[in-house]
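A short worksheet on the structure shown next.
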Amino acid sequence: MTQKSIPASLTPRIVIAEVHGNLQVKGWDRPEVWLRSNDDQAVLLQQDDHIQITSHGDCMLRLPHESEIQVQSIHGGARFKLLEGSLEIERIAGSLDLRNIKSARIGSIEGNLLVKQLTDELIVEQVQGNAFARDVQGRCALKRVAGNLDLRDTEDNVEAVAGGNVRLRLCVLVGDEYRLKAGGNLHCEVPEDASLQVDLSSGARRIKILLPEDKITLAESNYRLTLGEGKTSMALEAGGTILFAAQEVDWAEMDEIQEELEETFSQFSEDFSQQISDQVEAQIEAQMEILNENLAKLESMIGKSGMPPEEAERVIQRARQASEKANLRAQERMRRAQEKLERKLQAAQRKTEIKLKTIERRGRPPRRHTWGFEWSSPPPPPPPGPPTESATDEERLLILRMLEEKKITIQEAEELLAALEGK
């Protein structure tokens with residue numbers, strides 16, 4: 001096992017030339033690139049702000065959040081998380097997992113694709129397995145998926161072709177064009193108030209449509225449906241059955257959800273950062289007080305020991321230096337914990353904003369209506385990866401101290417802990 005690190009800027013250019021195993025990449029706040037691999041000959045080369053990486057085994061990387069990343073070839077699976085720069089991948093021999101990143105342009109994936117929370121576009125040329133994508137806020141183009149495809153809560157234009165079944169659920173439509181093609185069945189859900197012109201094409205001559213006041217079953221190959229003013233274009237083509245649903249929202253239930261979301265959002269949005277800062281300072285002050293007490297005890301013991309003054313001064317000086325280093329390390333740990341906690345809070349607030357926007361536009365349809373729609377074969381589980389990170393001890397301590405000092409309520413503490421644990 002080898003471990004290496006080199007200093008870098010906060011926006012380095014990273015080229016991952018080749019990894020002959022699995023790859024894990026995660027963003028962090030440090031101006032540093034860190035590598036760990038079971039290949040003792042793993043390469044980490046730097047020229048100015050360009051860094052090249054090669055490993056003949058499994059590889060784990062920590063990169064600055066805003067790194068610009070280019071991946072040429074991965075012989076195993078890969079996972080990328082918490083990255084705010086661009087990501088380009090030429091080839092992945094295994095499965096690919098993308099979470100909380102800015103954007104991705106991908107050539108070939110020979111396994112499955114799992115995507116959650118992209119703030120910009122997702123462009124994929126080819127997926128040999130199944131694909132699942134959720135919360136893609138920019139354009140979403142999956143040009144060829146050999147297996148099944150499941151898209152949820154994408155916000156912009158969608159273009160996708162799948163050899164298996166396709167399921168599409170849209171809570172908000174802000175794009176201009178949606179085009180999907182399935183070799184098997186296709187199931188699409190949109191808000192009841194959507195403004196759409198929908199062209200449906202079924203190779204099996206089976207089209208089922210659910211509207212707020214009507215349910216239509218057609219034994220036809222093609223059908224055009226207009227919802228509202230028909231401002232947005234949608235084309236759905238399937239070799240099997242098409243099920244299209246534009247359902248009415250249960251507004252009594254939505255009002256309750258909206259009140260709860262607005263209350264949660266306002267509780268944390270105003271002064272939470274200041275509370276975190278106060279707790280960090282209190283932690284550092286407490287630790288400094290302990291270190292100073294220990295230093296005073298040491299000076300007292302040395303004074304009573306009869307040690308020569310010069311030697312006593314050297315011992316005390318080393319103790320002071322060790323104390324200062326310990327203090328700096330404590331400050332750095334607490335600073336990173338604070339920044340990580342704030343990022344997780346921002347992500348939770350972003351989810352709340354999306355849900356509120358969905359409600360305002362008559363978002364997600366209720367799940368009472370069912371078609372008995374079944375996929376010909378269930379999609380396999382998402383690609384394996386390391387377990388999701390839970391809250392750190394520092395983060396829990398900050399929350400518990402705020403609760404103890406009555407700066408937040410028990411309910412607020414539980415909600416924040418749940419958000420940190422990814423529940």
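Each chain in the structure tokens gets a letter, A, B, ..., in the order shown, and its residues are numbered from 1; ligands are numbered from 1 in order too.
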
>> So that I can check the surroundings of Leu151 (chain A), please list as a ChimeraX atom specification every protein, DNA and RNA residue that reaches within 8 Å of it, counting only C-alpha atoms and ignoring chain neighbours fewer than 3 positions away.
In response: /A:132-134,154,166-169

Could you dump the residues just selected with C-alpha atoms as a PDB file, in the first residue's frame?
```pdb
ATOM      1  CA  PHE A 132     -30.537   5.667 -12.966  1.00  0.00           C
ATOM      2  CA  ALA A 133     -30.363   9.477 -12.726  1.00  0.00           C
ATOM      3  CA  ARG A 134     -31.980  11.772 -10.180  1.00  0.00           C
ATOM      4  CA  THR A 154     -34.567  16.245 -14.013  1.00  0.00           C
ATOM      5  CA  VAL A 166     -37.823   3.567 -19.519  1.00  0.00           C
ATOM      6  CA  ARG A 167     -39.424   5.274 -16.546  1.00  0.00           C
ATOM      7  CA  LEU A 168     -39.544   9.095 -16.467  1.00  0.00           C
ATOM      8  CA  ARG A 169     -40.909  11.173 -13.607  1.00  0.00           C
TER       9      ARG A 169
END
```

Show which residues sit within 8 Å of Leu87 (chain A), as a PDB file with N, CA and C atoms, in the first residue's frame. Count only C-alpha atoms, and ignore same-chain residues fewer than 2 positions away.
```
ATOM      1  N   GLU A  68     -10.559  20.509 -12.126  1.00  0.00           N
ATOM      2  CA  GLU A  68     -11.025  20.148 -13.462  1.00  0.00           C
ATOM      3  C   GLU A  68     -10.428  18.765 -13.765  1.00  0.00           C
ATOM      4  N   ILE A  69     -11.287  17.766 -13.976  1.00  0.00           N
ATOM      5  CA  ILE A  69     -10.828  16.380 -14.016  1.00  0.00           C
ATOM      6  C   ILE A  69     -11.067  15.769 -15.396  1.00  0.00           C
ATOM      7  N   GLN A  70     -10.030  15.131 -15.919  1.00  0.00           N
ATOM      8  CA  GLN A  70     -10.132  14.361 -17.163  1.00  0.00           C
ATOM      9  C   GLN A  70      -9.677  12.933 -16.885  1.00  0.00           C
ATOM     10  N   VAL A  71     -10.552  11.978 -17.179  1.00  0.00           N
ATOM     11  CA  VAL A  71     -10.257  10.561 -16.945  1.00  0.00           C
ATOM     12  C   VAL A  71     -10.164   9.872 -18.301  1.00  0.00           C
ATOM     13  N   GLY A  85     -16.012  21.214 -10.074  1.00  0.00           N
ATOM     14  CA  GLY A  85     -15.450  21.509 -11.377  1.00  0.00           C
ATOM     15  C   GLY A  85     -15.985  20.552 -12.425  1.00  0.00           C
ATOM     16  N   ILE A  89     -14.921  11.913 -18.766  1.00  0.00           N
ATOM     17  CA  ILE A  89     -14.471  10.517 -18.666  1.00  0.00           C
ATOM     18  C   ILE A  89     -14.559   9.879 -20.043  1.00  0.00           C
ATOM     19  N   SER A 103     -20.935  18.751 -13.138  1.00  0.00           N
ATOM     20  CA  SER A 103     -21.336  18.287 -14.464  1.00  0.00           C
ATOM     21  C   SER A 103     -20.478  17.105 -14.868  1.00  0.00           C
ATOM     22  N   ALA A 104     -20.931  16.375 -15.877  1.00  0.00           N
ATOM     23  CA  ALA A 104     -20.166  15.210 -16.335  1.00  0.00           C
ATOM     24  C   ALA A 104     -20.415  14.988 -17.823  1.00  0.00           C
ATOM     25  N   ARG A 105     -19.317  14.733 -18.547  1.00  0.00           N
ATOM     26  CA  ARG A 105     -19.376  14.295 -19.939  1.00  0.00           C
ATOM     27  C   ARG A 105     -18.652  12.959 -20.021  1.00  0.00           C
TER      28      ARG A 105
END
```

> Which residue, A:Asn22, A:Ser201, A:Ser5, A:Asn157, has the smallest gap to Ile92 (chain A) when you use only C-alpha atoms?
Replying inline: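 Closest residue, counting only C-alpha atoms: A:Asn22.
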
> Nearest to Val158 (chain A): which of A:Glu18, A:Asp199, A:Glu192, A:Glu121 is it, counting only C-alpha atoms?
Replying inline: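 Smallest separation from Val158 (chain A) among the options: A:Glu121.
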
>> Quick check for you: according to DSSP on this backbone, which residues of region 94-223 of chain A are classed as strand (DSSP E)? Reply as a ChimeraX atom specification.
In response: /A:96-101,104-109,113-118,122-127,131-136,140-145,149-152,158-162,166-169,177-182,186-191,196-202,207-211,214-218,222-223

> So which one's closest to Thr217 (chain A), A:Ala245, A:Ala160, A:Leu180, A:Ile101? Using only C-alpha atoms, please.
Replying inline: A:Ala245

> So which one's closest to Pro64 (chain A), A:Leu10, A:Leu44, A:Ile207, A:Cys171? Using only C-alpha atoms, please.
Replying inline: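 So, comparing all the options, the nearest one is A:Leu10.
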